[in-house]
>>> print(open('final.cif').read())   # mmCIF, C-alpha atoms
data_structure
loop_
_atom_site.label_atom_id
_atom_site.label_comp_id
_atom_site.auth_asym_id
_atom_site.auth_seq_id
_atom_site.Cartn_x
_atom_site.Cartn_y
_atom_site.Cartn_z
CA MET A 342 63.73 204.05 -12.06
CA GLY A 343 64.59 200.61 -13.38
CA ARG A 344 64.41 197.36 -11.52
CA ALA A 345 67.39 196.12 -9.55
CA GLU A 346 69.59 193.59 -11.27
CA VAL A 347 69.40 189.95 -10.25
CA GLY A 348 71.78 189.08 -7.43
CA THR A 349 72.26 192.63 -6.14
CA PRO A 350 71.50 193.52 -2.50
CA LYS A 351 68.56 195.63 -3.64
CA TYR A 352 67.12 192.72 -5.57
CA LEU A 353 67.44 190.43 -2.54
CA ALA A 354 65.85 193.07 -0.28
CA ASN A 355 62.90 193.41 -2.65
CA LYS A 356 62.45 189.65 -2.75
CA MET A 357 62.47 189.42 1.05
CA LYS A 358 59.89 192.19 1.32
CA ALA A 359 57.66 190.56 -1.28
CA LYS A 360 57.86 187.20 0.46
CA GLY A 361 56.57 188.43 3.83
CA LEU A 362 53.26 190.03 4.77
CA GLN A 363 52.77 193.74 4.21
CA LYS A 364 50.44 196.21 5.89
CA LEU A 365 46.76 195.39 5.53
CA ARG A 366 45.71 198.96 4.78
CA TRP A 367 47.80 198.92 1.59
CA TYR A 368 46.13 195.80 0.17
CA CYS A 369 43.41 195.90 -2.50
CA GLN A 370 41.15 192.86 -2.31
CA MET A 371 39.31 193.54 -5.56
CA CYS A 372 42.56 193.62 -7.51
CA GLU A 373 44.34 191.22 -5.12
CA LYS A 374 47.34 193.53 -5.10
CA GLN A 375 49.60 194.32 -2.14
CA CYS A 376 51.36 197.70 -2.13
CA ARG A 377 54.48 198.35 -0.06
CA ASP A 378 53.81 201.95 0.96
CA GLU A 379 51.19 204.68 0.93
CA ASN A 380 52.42 206.22 -2.29
CA GLY A 381 52.26 202.93 -4.16
CA PHE A 382 48.73 202.29 -2.86
CA LYS A 383 47.66 205.78 -3.97
CA CYS A 384 49.03 205.20 -7.44
CA HIS A 385 47.20 201.89 -7.63
CA THR A 386 43.83 203.40 -6.66
CA MET A 387 44.20 205.92 -9.48
CA SER A 388 44.98 203.27 -12.08
CA GLU A 389 42.50 202.30 -14.78
CA SER A 390 42.37 198.61 -13.80
CA HIS A 391 41.40 199.50 -10.23
CA GLN A 392 38.66 201.80 -11.45
CA ARG A 393 37.19 199.01 -13.58
CA GLN A 394 37.13 196.72 -10.57
CA LEU A 395 35.34 199.37 -8.52
CA LEU A 396 32.68 199.68 -11.20
CA LEU A 397 32.12 195.93 -11.09
CA PHE A 398 31.82 196.07 -7.29
CA ALA A 399 29.37 198.97 -7.49
CA ASP A 400 27.03 196.93 -9.72
CA SER A 401 26.55 194.13 -7.13
CA PRO A 402 28.31 194.86 -3.81
CA GLY A 403 26.36 192.18 -1.91
CA LYS A 404 27.54 189.48 -4.29
CA PHE A 405 31.23 190.32 -3.83
CA LEU A 406 30.91 190.81 -0.08
CA TYR A 407 29.18 187.43 0.31
CA SER A 408 31.80 185.74 -1.87
CA PHE A 409 34.73 187.16 0.11
CA SER A 410 33.06 186.35 3.45
CA LYS A 411 32.31 182.77 2.44
CA GLU A 412 35.83 182.19 1.13
CA PHE A 413 37.36 183.61 4.32
CA SER A 414 35.08 181.52 6.57
CA ASP A 415 35.70 178.32 4.58
CA GLY A 416 39.46 178.77 4.80
CA TYR A 417 39.38 179.54 8.51
CA MET A 418 37.13 176.54 9.31
CA GLU A 419 39.16 174.20 7.11
CA LEU A 420 42.34 175.17 8.95
CA LEU A 421 40.59 174.76 12.33
CA ARG A 422 39.27 171.30 11.38
CA ARG A 423 42.52 170.05 9.86
CA ARG A 424 45.00 171.58 12.29
CA PHE A 425 43.23 171.40 15.67
CA GLY A 426 40.25 169.03 15.25
CA THR A 427 37.81 169.17 18.16
CA LYS A 428 40.36 170.63 20.61
CA ARG A 429 39.70 173.92 22.37
CA VAL A 430 42.04 176.57 20.95
CA ASN A 431 42.51 180.34 20.97
CA ALA A 432 40.71 181.91 18.00
CA ASN A 433 43.52 184.40 17.39
CA LYS A 434 46.07 181.56 17.14
CA VAL A 435 44.05 179.99 14.32
CA TYR A 436 43.76 183.39 12.63
CA GLN A 437 47.51 183.99 12.76
CA GLU A 438 48.15 180.67 11.06
CA TYR A 439 45.48 181.45 8.47
CA ILE A 440 46.93 184.83 7.47
CA ALA A 441 50.43 183.30 7.23
CA ASP A 442 49.40 182.34 3.72
CA LYS A 443 50.14 185.33 1.52
CA ASN A 444 47.15 184.70 -0.76
CA HIS A 445 44.51 184.59 1.97
CA ILE A 446 41.28 186.59 1.99
CA HIS A 447 41.70 189.64 4.22
CA MET A 448 39.14 190.31 6.95
CA ASN A 449 38.57 193.94 5.91
CA ALA A 450 36.97 192.59 2.71
CA THR A 451 34.36 190.52 4.62
CA ARG A 452 31.15 191.36 6.46
CA TRP A 453 32.91 191.13 9.85
CA LEU A 454 34.84 194.08 11.16
CA THR A 455 36.79 192.22 13.87
CA LEU A 456 37.77 188.66 14.71
CA SER A 457 35.50 188.77 17.78
CA ASP A 458 32.47 189.47 15.59
CA TYR A 459 33.38 186.54 13.37
CA VAL A 460 33.82 184.17 16.34
CA LYS A 461 30.46 185.26 17.79
CA TRP A 462 28.84 184.58 14.41
CA LEU A 463 30.36 181.09 14.33
CA GLY A 464 28.97 180.40 17.80
CA ARG A 465 25.47 181.62 16.86
CA THR A 466 25.37 179.49 13.72
CA GLY A 467 26.45 176.38 15.66
CA GLN A 468 29.67 175.75 13.76
CA VAL A 469 31.88 176.02 16.86
CA ILE A 470 31.60 176.30 20.64
CA ALA A 471 32.81 179.84 21.43
CA ASP A 472 33.64 181.08 24.95
CA GLU A 473 35.28 184.29 26.10
CA THR A 474 38.00 184.29 28.76
CA GLU A 475 40.56 186.71 30.14
CA LYS A 476 42.97 185.52 27.42
CA GLY A 477 40.51 186.19 24.60
CA TRP A 478 38.06 184.10 22.60
CA PHE A 479 38.44 180.33 22.43
CA VAL A 480 36.73 178.06 19.89
CA THR A 481 36.05 174.33 19.72
CA TYR A 482 35.21 172.81 16.35
CA ILE A 483 31.95 170.83 16.15
CA ASP A 484 32.48 167.88 13.83
CA ARG A 485 29.27 167.25 11.86
CA SER A 486 30.76 164.96 9.21
CA PRO A 487 28.85 161.72 8.43
CA GLU A 488 31.61 159.62 10.00
CA ALA A 489 31.53 161.64 13.22
CA MET A 490 27.72 161.54 13.37
CA GLU A 491 27.79 157.78 12.90
CA ARG A 492 30.36 157.37 15.69
CA GLN A 493 28.26 159.54 17.97
CA ALA A 494 25.11 157.55 17.17
CA LYS A 495 26.91 154.28 17.94
CA ALA A 496 28.15 155.67 21.25
CA GLU A 497 24.64 156.83 22.19
CA ARG A 498 23.14 153.43 21.31
CA LYS A 499 25.81 151.66 23.38
CA GLU A 500 25.20 153.96 26.33
CA LYS A 501 21.44 153.42 26.06
CA MET A 502 21.88 149.63 26.01
CA GLU A 503 24.12 149.78 29.09
CA LYS A 504 21.59 152.00 30.83
CA ASP A 505 18.72 149.63 29.95
CA ASP A 506 20.71 146.68 31.30
CA GLU A 507 21.47 148.63 34.46
CA GLU A 508 17.81 149.56 34.95
CA ARG A 509 16.72 145.95 34.46
CA MET A 510 19.30 144.79 36.99
CA MET A 511 18.14 147.41 39.50
CA GLU A 512 14.50 146.33 39.03
CA PHE A 513 15.55 142.73 39.63
CA ILE A 514 17.39 143.73 42.80
CA GLU A 515 14.38 145.71 44.06
CA LYS A 516 12.11 142.71 43.49
CA GLN A 517 14.51 140.45 45.36
CA ILE A 518 14.60 142.88 48.28
CA GLU A 519 10.79 143.04 48.45
CA LYS A 520 10.59 139.26 48.27
CA GLU A 521 13.04 138.85 51.16
CA LYS A 522 11.17 141.45 53.19
CA ARG A 523 7.87 139.58 52.70
CA LYS A 524 9.50 136.30 53.75
CA GLU A 525 10.98 137.87 56.84
CA SER A 526 7.64 139.45 57.84
CA GLU A 527 5.82 136.12 57.36
CA LYS A 528 8.36 134.30 59.55
CA HIS A 529 8.08 137.02 62.16
CA ASN A 530 4.28 136.64 62.23
CA GLU A 531 4.62 132.87 62.63
CA THR A 532 6.91 133.26 65.66
CA GLU A 533 4.47 135.71 67.24
CA GLU A 534 1.61 133.26 66.76
CA GLU A 535 3.60 130.48 68.43
CA GLU A 536 4.31 132.58 71.52
CA LYS A 537 0.88 133.71 72.74
CA PHE A 538 0.37 134.79 76.33
CA THR A 539 -3.06 134.36 77.98
CA GLU A 540 -4.58 136.84 80.34
CA LEU A 541 -4.56 135.99 84.06
CA LYS A 542 -8.19 135.42 85.13
CA ARG A 543 -9.74 133.76 88.19
CA GLU A 544 -13.19 133.42 89.72
CA GLU A 545 -14.14 135.18 92.96
CA ASP A 546 -14.19 132.07 95.19
CA GLN A 547 -11.39 130.25 93.47
CA PRO A 548 -8.07 130.34 95.31
CA LEU A 549 -5.05 131.84 93.58
CA LYS A 550 -2.57 129.23 92.34
CA LEU A 551 0.77 129.87 90.74
CA GLU A 552 2.49 127.11 88.83
CA ILE A 553 6.19 127.79 88.70
CA ARG A 554 8.42 125.43 86.79
CA LEU A 555 12.03 125.59 87.79
CA GLU A 556 14.64 123.88 85.72
CA LYS A 557 17.15 121.74 87.50
CA LYS A 558 20.57 123.27 87.71
CA PHE A 559 23.81 121.48 87.14
CA GLN A 560 24.75 119.90 90.49
CA PRO A 561 27.35 117.11 90.24
CA GLU A 562 26.90 115.96 93.86
CA ALA A 563 23.09 116.06 93.87
CA LYS A 564 22.81 112.38 92.93
CA PHE A 565 25.04 111.15 95.73
CA VAL A 566 23.50 113.43 98.40
CA ALA A 567 19.98 112.29 97.54
CA SER A 568 20.96 108.58 97.65
CA ALA A 569 22.70 109.03 101.00
CA LEU A 570 19.76 110.77 102.67
CA LEU A 571 16.99 108.60 101.31
CA LYS A 572 19.02 105.36 101.42
CA THR A 573 17.40 104.05 98.32
CA PRO A 574 17.84 100.25 97.85
CA ALA A 575 19.93 99.12 94.90
CA LYS A 576 17.07 97.06 93.49
CA HIS A 577 14.98 100.17 92.87
CA LYS A 578 17.72 101.68 90.71
CA SER A 579 17.24 101.62 86.99
CA GLU A 580 18.99 98.94 85.07
CA ASN A 581 20.38 101.59 82.74
CA PRO A 582 22.69 103.91 84.71
CA ASN A 583 22.61 106.63 82.03
CA GLU A 584 18.95 107.34 82.77
CA ASP A 585 19.78 108.73 86.20
CA ASP A 586 22.49 110.91 84.71
CA ASP A 587 20.04 112.27 82.12
CA GLU A 588 17.62 113.25 84.87
CA VAL A 589 20.35 115.09 86.79
CA PHE A 590 21.89 116.87 83.76
CA LYS A 591 18.65 117.54 81.90
CA LYS A 592 18.95 120.63 79.66
CA PRO A 593 16.27 123.34 79.73
CA LYS A 594 13.97 123.62 76.77
CA VAL A 595 14.69 126.45 74.31
CA THR A 596 11.82 127.99 72.36
CA LYS A 597 12.00 128.85 68.67
CA LEU A 598 11.82 132.56 69.45
CA GLU A 599 14.83 132.36 71.79
CA ARG A 600 16.74 130.29 69.24
CA ARG A 601 16.07 132.93 66.57
CA ARG A 602 17.22 135.68 68.90
CA LYS A 603 20.46 133.82 69.59
CA GLU A 604 21.11 133.11 65.93
CA GLY A 605 20.60 136.78 65.01
CA PRO A 606 18.64 138.36 62.16
CA ILE A 607 18.15 136.64 58.83
CA THR A 608 20.94 137.61 56.43
CA THR A 609 20.51 138.03 52.71
CA SER A 610 24.16 137.59 51.85
CA ALA A 611 23.60 136.76 48.18
CA LEU A 612 21.37 139.81 47.63
CA ASP A 613 23.76 142.11 49.48
CA GLU A 614 26.63 140.80 47.38
CA ILE A 615 24.71 141.57 44.15
CA ILE A 616 23.99 145.12 45.34
CA LYS A 617 27.63 145.67 46.27
CA ILE A 618 28.83 144.39 42.88
CA GLU A 619 26.42 146.70 41.05
CA GLU A 620 27.45 149.68 43.16
CA ARG A 621 31.13 149.01 42.49
CA LYS A 622 30.43 148.76 38.77
CA LYS A 623 28.49 152.05 38.80
CA GLU A 624 31.25 153.68 40.85
CA ARG A 625 33.86 152.76 38.21
CA THR A 626 31.61 153.98 35.40
CA ASN A 627 30.37 157.25 36.92
CA ARG A 628 33.47 158.37 38.85
CA LYS A 629 34.95 161.24 36.79
CA ASP A 630 37.56 163.94 37.37
CA TYR A 631 34.95 166.64 36.69
CA TRP A 632 31.83 167.26 38.80
CA LEU A 633 30.21 170.54 37.75
CA HIS A 634 26.42 170.45 37.13
CA GLU A 635 23.91 173.18 36.31
CA GLY A 636 21.68 174.38 39.14
CA ILE A 637 23.93 173.49 42.09
CA VAL A 638 25.22 175.88 44.76
CA VAL A 639 29.02 176.13 45.09
CA LYS A 640 31.50 178.10 47.18
CA PHE A 641 34.32 180.19 45.66
CA ILE A 642 37.52 179.26 47.54
CA SER A 643 40.14 181.18 45.55
CA LYS A 644 41.52 184.68 46.10
CA SER A 645 42.37 185.12 42.42
CA LEU A 646 39.50 187.64 42.08
CA GLY A 647 40.32 189.36 45.36
CA ASP A 648 38.79 189.11 48.83
CA LYS A 649 35.44 190.32 47.53
CA PHE A 650 34.39 186.90 46.23
CA TYR A 651 36.41 184.72 48.63
CA LYS A 652 34.19 182.20 50.47
CA GLN A 653 31.12 183.54 48.65
CA LYS A 654 28.36 181.21 47.47
CA ALA A 655 27.23 181.10 43.87
CA VAL A 656 24.91 179.10 41.62
CA VAL A 657 26.15 177.33 38.48
CA GLU A 658 24.26 178.69 35.47
CA GLY A 659 26.17 176.74 32.82
CA VAL A 660 28.98 174.25 32.36
CA ILE A 661 31.71 175.03 29.81
CA ASP A 662 33.96 172.24 28.57
CA LYS A 663 33.19 169.99 31.61
CA TYR A 664 35.85 171.64 33.78
CA ARG A 665 34.71 175.29 33.75
CA ALA A 666 31.45 176.93 34.76
CA LYS A 667 29.61 180.20 34.45
CA VAL A 668 28.52 181.10 37.98
CA LYS A 669 26.36 183.85 39.48
CA PHE A 670 27.14 185.05 42.99
CA LEU A 671 24.10 185.07 45.26
CA GLU A 672 24.93 188.28 47.11
CA THR A 673 26.27 190.58 44.39
CA GLU A 674 24.56 188.80 41.42
CA GLU A 675 27.77 189.20 39.41
CA LYS A 676 28.60 186.58 36.79
CA VAL A 677 32.06 185.13 36.15
CA LYS A 678 33.61 182.14 34.41
CA VAL A 679 35.81 180.03 36.68
CA ASP A 680 37.54 176.65 36.74
CA GLN A 681 36.25 173.88 39.01
CA ALA A 682 39.55 173.97 40.93
CA HIS A 683 38.43 177.31 42.44
CA LEU A 684 35.09 175.90 43.63
CA GLU A 685 33.87 173.44 46.23
CA THR A 686 30.51 171.83 46.99
CA VAL A 687 28.03 173.15 49.56
CA ILE A 688 26.36 170.87 52.15
CA PRO A 689 22.80 172.01 53.07
CA ALA A 690 20.82 171.42 56.27
CA LEU A 691 19.26 168.04 57.03
CA ASP A 692 16.19 166.96 55.00
CA LYS A 693 17.11 169.39 52.21
CA PRO A 694 17.50 168.37 48.53
CA VAL A 695 20.97 167.67 47.13
CA LEU A 696 22.40 166.54 43.79
CA VAL A 697 24.92 163.71 43.56
CA VAL A 698 27.67 165.25 41.40
CA ASN A 699 30.10 162.31 41.32
CA GLY A 700 30.31 158.61 42.09
CA ALA A 701 27.96 155.66 41.63
CA TYR A 702 24.74 157.70 41.79
CA ARG A 703 26.02 160.65 39.72
CA GLY A 704 23.21 162.92 38.50
CA SER A 705 20.60 161.60 41.00
CA GLU A 706 18.57 163.93 43.20
CA ALA A 707 18.39 162.96 46.86
CA ILE A 708 17.48 164.15 50.37
CA LEU A 709 20.15 164.68 53.02
CA ARG A 710 19.27 162.44 55.99
CA LYS A 711 22.34 162.25 58.21
CA LEU A 712 25.64 164.11 58.62
CA ASP A 713 28.80 162.41 59.91
CA GLU A 714 31.22 165.26 60.64
CA LYS A 715 33.84 162.92 62.12
CA ASN A 716 34.29 160.91 58.89
CA TYR A 717 33.39 163.78 56.50
CA CYS A 718 30.54 161.83 54.92
CA VAL A 719 26.73 161.89 54.78
CA THR A 720 23.75 159.59 54.41
CA ILE A 721 21.30 160.39 51.61
CA GLU A 722 18.02 159.00 50.32
CA ILE A 723 17.40 158.96 46.56
CA SER A 724 14.25 161.00 45.85
CA LYS A 725 13.72 160.55 42.10
CA GLY A 726 14.16 157.92 39.42
CA PRO A 727 14.04 154.11 39.49
CA LEU A 728 16.11 154.03 42.70
CA LYS A 729 13.68 156.24 44.64
CA GLY A 730 13.73 155.46 48.35
CA ARG A 731 17.17 153.86 48.42
CA VAL A 732 19.34 154.98 51.34
CA VAL A 733 23.05 155.40 50.55
CA ASN A 734 25.57 155.64 53.38
CA ASN A 735 29.12 157.00 53.55
CA VAL A 736 28.81 159.51 50.69
CA GLN A 737 31.75 161.93 50.72
CA TYR A 738 31.22 165.69 51.07
CA GLU A 739 32.68 166.43 47.63
CA ASP A 740 30.24 164.00 45.91
CA ILE A 741 27.06 166.00 46.72
CA SER A 742 26.04 169.64 46.56
CA LYS A 743 23.04 171.74 47.46
CA ILE A 744 20.39 172.34 44.79
CA PHE A 745 19.51 175.99 44.16
#
>>> encode(input="final.cif", output="structure tokens")
Amino acid sequence: MGRAEVGTPKYLANKMKAKGLQKLRWYCQMCEKQCRDENGFKCHTMSESHQRQLLLFADSPGKFLYSFSKEFSDGYMELLRRRFGTKRVNANKVYQEYIADKNHIHMNATRWLTLSDYVKWLGRTGQVIADETEKGWFVTYIDRSPEAMERQAKAERKEKMEKDDEERMMEFIEKQIEKEKRKESEKHNETEEEEKFTELKREEDQPLKLEIRLEKKFQPEAKFVASALLKTPAKHKSENPNEDDDEVFKKPKVTKLERRRKEGPITTSALDEIIKIEERKKERTNRKDYWLHEGIVVKFISKSLGDKFYKQKAVVEGVIDKYRAKVKFLETEEKVKVDQAHLETVIPALDKPVLVVNGAYRGSEAILRKLDEKNYCVTIEISKGPLKGRVVNNVQYEDISKIF
């Protein structure tokens, strides 16, 4: 049967069929020939050219299989890098765009039987970050180009410099606090030495004497009453009239200890201001919209998996893409992958260890010291690191979680 003439409906139909993708089972990778139906594929396999290609494949099957696999993987990874970059994307979506090219390498000619096997292989070799969900496999390209590595190194150096500066500032603040504490203790010792009380002792034959000093109270008429009763002559009065007034309105003596008590405790306003500034700076830097950490205990608050897991506690075994976690339920020991929106933090009993998951002290281990149920906040004491021993007040419930 001859070919259809140019411009006829049959010719156009053949062109349309040739343009699109055909069935994979009727494609010969060795000959790179696509057949339209089973009969055409059968005729092709019986042809002399196909037989020659099979003989070549039989001589070194590993060489051809490796070549096809490498070409398929290179094309897939190049499309993933160019089209999606480092974004998380469905692996099947990338595959559909890859096979849209009519001249692509088919997967049945490679070492992988399914797309899932290929994605798992990419994850094991460290080329992508692969994670399985209910919607299938998702991949995230890991950029290892020299430019990306240089950018990452610069970011790490910058972060290290900021951390070193922060540690130096915290050491300076700690020294200032210790210095102020020493000064306050020395002043307190001085005031105690000034106010010493002697023991009441007397001899056997000596009479008991009490010396009581009473301060004169404010009495405006005392001067005139005394002068009227005693009838003191005018010549005995002092030449300076203010002296008599001073004697009448004489103020009681105030000791240094009483003056200190009235003035209140010594304030370290400058030091407190430095600490507040540093805490605000750390709060802006460490406050994120994700809070999941490995090793913390969380509570599942969603009914998306049924009532079986609702309000159940679990431990985070791994963090996926910052916002998702692989958790293991404590009662059933089942493992699932969930989003952080379905989880909440767990507050332990007092004096138990917690992890600060968000805020100024993000990533620090601490001990729970006080619980304020009215204001939904707690007081913690940092237990590890350069800030060990620091007490932090008014920490919100969602910023800490129990350590497993």
>>> resolve_selection(input="final.cif", expression="the PyMOL selection byres ((chain A and resi 444-449) around 12)", output="number ranges by chain")
A: 360-375, 406, 408-417, 420, 436-443, 450-459
>>> residues_around(input="final.cif", residues="Ala666 of chain A", least_positions_apart="6", cutoff="10 Å", atoms="only C-alpha atoms", output="PyMOL selection string")
chain A and resi 633-635+656-660+677-681+684
>>> atom_distance(input="final.cif", atom1="atom CA of Asp740 of chain A", atom2="atom CA of Val668 of chain A")
18.9 Å
>>> axis_aligned_box(input="final.cif", around="segment 631-639 of chain A", padding_each_side="4 Å", output="lines of an AutoDock Vina configuration file")
center_x = 28.3
center_y = 171.4
center_z = 40.7
size_x = 21.3
size_y = 17.5
size_z = 16.8
>>> atom_distance(input="final.cif", atom1="atom CA of Gln653 of chain A", atom2="atom CA of Val698 of chain A")
20.0 Å
>>> residues_around(input="final.cif", residues="Val732 of chain A", least_positions_apart="6", cutoff="10 Å", atoms="only C-alpha atoms", output="list in words")
Ala707, Ile708, Leu709, Arg710, Thr720, Ile721, Glu722, Ile723 and Ser724 of chain A
>>> residues_around(input="final.cif", residues="Glu624 of chain A", least_positions_apart="5", cutoff="8 Å", atoms="all atoms listed in the file", output="list of chain:residue names")
A:Gly700, A:Ala701, A:Tyr702
>>> atom_distance(input="final.cif", atom1="atom CA of Tyr664 of chain A", atom2="atom CA of Val435 of chain A")
22.7 Å
>>> residues_around(input="final.cif", residues="Val695 of chain A", least_positions_apart="2", cutoff="8 Å", atoms="all atoms listed in the file", output="NGL selection string")
:A and (689 or 693 or 697 or 706-709 or 741-744)
>>> write_last_selection(input="final.cif", atoms="C-alpha atoms", output="PDB file, in the frame of the given file")
ATOM      1  CA  PRO A 689      22.800 172.010  53.070  1.00  0.00           C
ATOM      2  CA  LYS A 693      17.110 169.390  52.210  1.00  0.00           C
ATOM      3  CA  VAL A 697      24.920 163.710  43.560  1.00  0.00           C
ATOM      4  CA  GLU A 706      18.570 163.930  43.200  1.00  0.00           C
ATOM      5  CA  ALA A 707      18.390 162.960  46.860  1.00  0.00           C
ATOM      6  CA  ILE A 708      17.480 164.150  50.370  1.00  0.00           C
ATOM      7  CA  LEU A 709      20.150 164.680  53.020  1.00  0.00           C
ATOM      8  CA  ILE A 741      27.060 166.000  46.720  1.00  0.00           C
ATOM      9  CA  SER A 742      26.040 169.640  46.560  1.00  0.00           C
ATOM     10  CA  LYS A 743      23.040 171.740  47.460  1.00  0.00           C
ATOM     11  CA  ILE A 744      20.390 172.340  44.790  1.00  0.00           C
TER      12      ILE A 744
END
